[in-house]
Amino acid sequence: MQNNLENSNLKKTLFLTLVFTGLALVIANLFGKDIASTVSLSLYVPATMSLVILSIILSRRFGIRGDHGKAWFVFSIFAILWFIAERIALYYNLKLGEELFPSEADAFWLAGYPFLFAFTILYLKPVRNSITKKTFALALAVSIVTMAPILYIICEQNMDVSFYE
């Protein structure tokens, strides 16, 4: 178990990491779109690597027994697939200087979604009786209300791209 001092240090470290990341992105944006793109793409490496490492740690901690163990194992597969996709996209963006669509990265991103869905189902399975229809409806409504304007804005700003893009 962590004591209060270790927990406090962890929270400070996480907060400082968020502040550093935010400042790096803000400062990079001051120097133009190319620098901002390079910095933001470079920050994907430690962010996605952290996701993979932490999901594997949780997967090993829970083991493969029980719903939570299976859930974290499936989430680890999802994190690894998305990590691979991010590396492929990073290669195309930084090394080749192009945004290829569709690319191999898209295949890995798409392959990750079933694992993310399975994680959600397995993780919520032990508490499914606690999830009321009202709670589910509220979550669905919030998701739709949030997603609809985002999709509208994206479609309006990108009138020259195809439906699939």
# chains A, B, ... in the order shown; residues from 1 in each chain; ligands from 1

$ residues_around --residues "Ile56 in chain A" --least-positions-apart "4" --cutoff "9 Å" --atoms "only C-alpha atoms" --output "PyMOL selection string"
chain A and resi 51-52+60-61+72-73+75-77+79

$ residues_around --residues "Ile80 in chain A" --least-positions-apart "6" --cutoff "12 Å" --atoms "only C-alpha atoms" --output "list in words"
Thr48, Met49, Ser50, Leu51, Val52, Ile53, Leu54, Ser55, Ile56, Phe73, Val74, Glu86, Arg87, Phe108, Trp109, Ala111, Gly112, Tyr113, Phe115 and Leu116 of chain A

$ atom_distance --atom1 "CA of Leu41 in chain A" --atom2 "CA of Leu110 in chain A"
19.8 Å

$ closest_residue --among "A:Ile144, A:Leu25, A:Ala71, A:Leu18" --to "Ser37 in chain A" --atoms "only C-alpha atoms"
A:Leu25

$ closest_residue --among "A:Pro149, A:Pro102, A:Phe78, A:Ala141" --to "Phe117 in chain A" --atoms "only C-alpha atoms"
A:Phe78

$ atom_distance --atom1 "CA of Ala105 in chain A" --atom2 "CA of Ala89 in chain A"
5.9 Å

$ atom_distance --atom1 "CA of Thr135 in chain A" --atom2 "CA of Gly69 in chain A"
25.3 Å

$ residues_around --residues "range 22-24 of chain A" --least-positions-apart "3" --cutoff "9 Å" --atoms "only C-alpha atoms" --output "list in words"
Thr17, Leu18, Val19, Ile27, Ala28, Asn29, Ala36, Val39 and Ser40 of chain A

$ write_last_selection --atoms "all heavy atoms" --output "CSV table (one decimal), in the first residue's frame"
chain,number,residue,atom,x,y,z
A,17,THR,N,3.5,16.9,-14.8
A,17,THR,CA,3.6,16.3,-16.2
A,17,THR,C,2.5,16.9,-17.1
A,17,THR,O,2.8,17.3,-18.2
A,17,THR,CB,3.4,14.8,-16.1
A,17,THR,OG1,4.4,14.2,-15.3
A,17,THR,CG2,3.5,14.2,-17.5
A,18,LEU,N,1.3,17.1,-16.5
A,18,LEU,CA,0.2,17.7,-17.3
A,18,LEU,C,0.6,19.2,-17.6
A,18,LEU,O,0.3,19.7,-18.7
A,18,LEU,CB,-1.1,17.6,-16.5
A,18,LEU,CG,-1.8,16.3,-16.5
A,18,LEU,CD1,-3.0,16.3,-15.6
A,18,LEU,CD2,-2.2,15.9,-17.9
A,19,VAL,N,1.1,19.9,-16.6
A,19,VAL,CA,1.5,21.3,-16.8
A,19,VAL,C,2.5,21.4,-17.8
A,19,VAL,O,2.5,22.2,-18.8
A,19,VAL,CB,1.9,21.9,-15.5
A,19,VAL,CG1,2.5,23.3,-15.7
A,19,VAL,CG2,0.7,22.1,-14.5
A,27,ILE,N,3.5,26.7,-26.1
A,27,ILE,CA,4.7,27.4,-26.6
A,27,ILE,C,5.0,27.0,-28.1
A,27,ILE,O,5.3,27.8,-28.9
A,27,ILE,CB,5.9,27.1,-25.7
A,27,ILE,CG1,5.7,27.8,-24.4
A,27,ILE,CG2,7.2,27.5,-26.4
A,27,ILE,CD1,6.7,27.4,-23.3
A,28,ALA,N,4.8,25.7,-28.4
A,28,ALA,CA,5.0,25.2,-29.7
A,28,ALA,C,4.1,25.9,-30.7
A,28,ALA,O,4.4,26.2,-31.8
A,28,ALA,CB,4.8,23.7,-29.8
A,29,ASN,N,2.8,26.2,-30.3
A,29,ASN,CA,1.9,26.8,-31.2
A,29,ASN,C,2.3,28.3,-31.4
A,29,ASN,O,1.9,28.8,-32.5
A,29,ASN,CB,0.5,26.8,-30.5
A,29,ASN,CG,-0.2,25.5,-30.8
A,29,ASN,OD1,-0.4,25.1,-32.0
A,29,ASN,ND2,-0.5,24.7,-29.8
A,36,ALA,N,4.4,23.2,-34.0
A,36,ALA,CA,3.3,22.7,-33.1
A,36,ALA,C,3.0,21.2,-33.5
A,36,ALA,O,2.8,20.4,-32.6
A,36,ALA,CB,2.1,23.5,-33.2
A,39,VAL,N,5.9,19.0,-32.3
A,39,VAL,CA,5.9,18.8,-30.8
A,39,VAL,C,4.8,17.9,-30.4
A,39,VAL,O,5.0,17.0,-29.6
A,39,VAL,CB,5.9,20.2,-30.1
A,39,VAL,CG1,5.6,20.0,-28.6
A,39,VAL,CG2,7.2,20.9,-30.3
A,40,SER,N,3.6,18.1,-30.9
A,40,SER,CA,2.5,17.3,-30.5
A,40,SER,C,2.6,15.9,-30.9
A,40,SER,O,2.3,15.0,-30.1
A,40,SER,CB,1.1,17.9,-31.0
A,40,SER,OG,1.1,17.8,-32.4

$ closest_residue --among "A:Phe62, A:His68, A:Thr38, A:Thr13" --to "Thr120 in chain A" --atoms "only C-alpha atoms"
A:His68

$ select_by_dssp --residues "chain A" --states "helix (DSSP H, G or I)" --output "ChimeraX atom specification"
/A:4-30,33-62,66-95,104-130,133-157

$ residues_around --residues "Lys125 in chain A" --least-positions-apart "6" --cutoff "12 Å" --atoms "only C-alpha atoms" --output "PyMOL selection string"
chain A and resi 66-68+70-71+118-119+131

$ write_last_selection --atoms "all heavy atoms" --output "CSV table (one decimal), in the first residue's frame"
chain,number,residue,atom,x,y,z
A,66,GLY,N,-10.9,-13.7,-13.4
A,66,GLY,CA,-12.0,-12.8,-13.0
A,66,GLY,C,-12.2,-11.7,-14.1
A,66,GLY,O,-11.4,-11.6,-15.1
A,67,ASP,N,-13.3,-11.0,-14.0
A,67,ASP,CA,-13.7,-10.0,-15.0
A,67,ASP,C,-12.7,-8.9,-15.1
A,67,ASP,O,-12.3,-8.4,-16.2
A,67,ASP,CB,-15.1,-9.5,-14.7
A,67,ASP,CG,-16.1,-10.5,-15.0
A,67,ASP,OD1,-16.0,-11.4,-15.9
A,67,ASP,OD2,-17.1,-10.5,-14.2
A,68,HIS,N,-12.2,-8.4,-14.0
A,68,HIS,CA,-11.2,-7.3,-14.0
A,68,HIS,C,-9.9,-7.7,-14.6
A,68,HIS,O,-9.3,-7.0,-15.4
A,68,HIS,CB,-11.0,-6.7,-12.6
A,68,HIS,CG,-12.0,-5.6,-12.3
A,68,HIS,ND1,-13.3,-6.0,-12.0
A,68,HIS,CD2,-11.9,-4.3,-12.2
A,68,HIS,CE1,-14.0,-4.8,-11.7
A,68,HIS,NE2,-13.1,-3.8,-11.9
A,70,LYS,N,-9.4,-10.1,-16.9
A,70,LYS,CA,-9.7,-10.3,-18.3
A,70,LYS,C,-9.8,-8.9,-19.0
A,70,LYS,O,-9.3,-8.7,-20.1
A,70,LYS,CB,-10.9,-11.1,-18.6
A,70,LYS,CG,-10.8,-12.6,-18.2
A,70,LYS,CD,-12.1,-13.3,-18.3
A,70,LYS,CE,-12.0,-14.7,-17.7
A,70,LYS,NZ,-13.3,-15.3,-17.7
A,71,ALA,N,-10.5,-8.0,-18.3
A,71,ALA,CA,-10.7,-6.7,-18.8
A,71,ALA,C,-9.3,-6.0,-19.0
A,71,ALA,O,-9.1,-5.4,-20.1
A,71,ALA,CB,-11.5,-5.8,-17.9
A,118,ALA,N,-14.7,-4.7,-25.7
A,118,ALA,CA,-14.7,-5.8,-24.8
A,118,ALA,C,-14.2,-5.4,-23.4
A,118,ALA,O,-14.7,-5.9,-22.4
A,118,ALA,CB,-13.7,-6.9,-25.4
A,119,PHE,N,-13.2,-4.5,-23.3
A,119,PHE,CA,-12.8,-4.1,-22.0
A,119,PHE,C,-13.9,-3.4,-21.3
A,119,PHE,O,-14.1,-3.6,-20.1
A,119,PHE,CB,-11.6,-3.0,-22.2
A,119,PHE,CG,-11.3,-2.2,-21.0
A,119,PHE,CD1,-10.7,-2.8,-19.9
A,119,PHE,CD2,-11.8,-0.9,-20.9
A,119,PHE,CE1,-10.4,-2.0,-18.8
A,119,PHE,CE2,-11.5,-0.2,-19.8
A,119,PHE,CZ,-10.8,-0.7,-18.7
A,131,ILE,N,-26.1,-0.3,-12.7
A,131,ILE,CA,-26.3,0.6,-13.8
A,131,ILE,C,-27.8,0.6,-14.1
A,131,ILE,O,-28.3,-0.3,-14.8
A,131,ILE,CB,-25.4,0.3,-15.0
A,131,ILE,CG1,-23.9,0.3,-14.6
A,131,ILE,CG2,-25.6,1.3,-16.1
A,131,ILE,CD1,-23.0,-0.3,-15.6
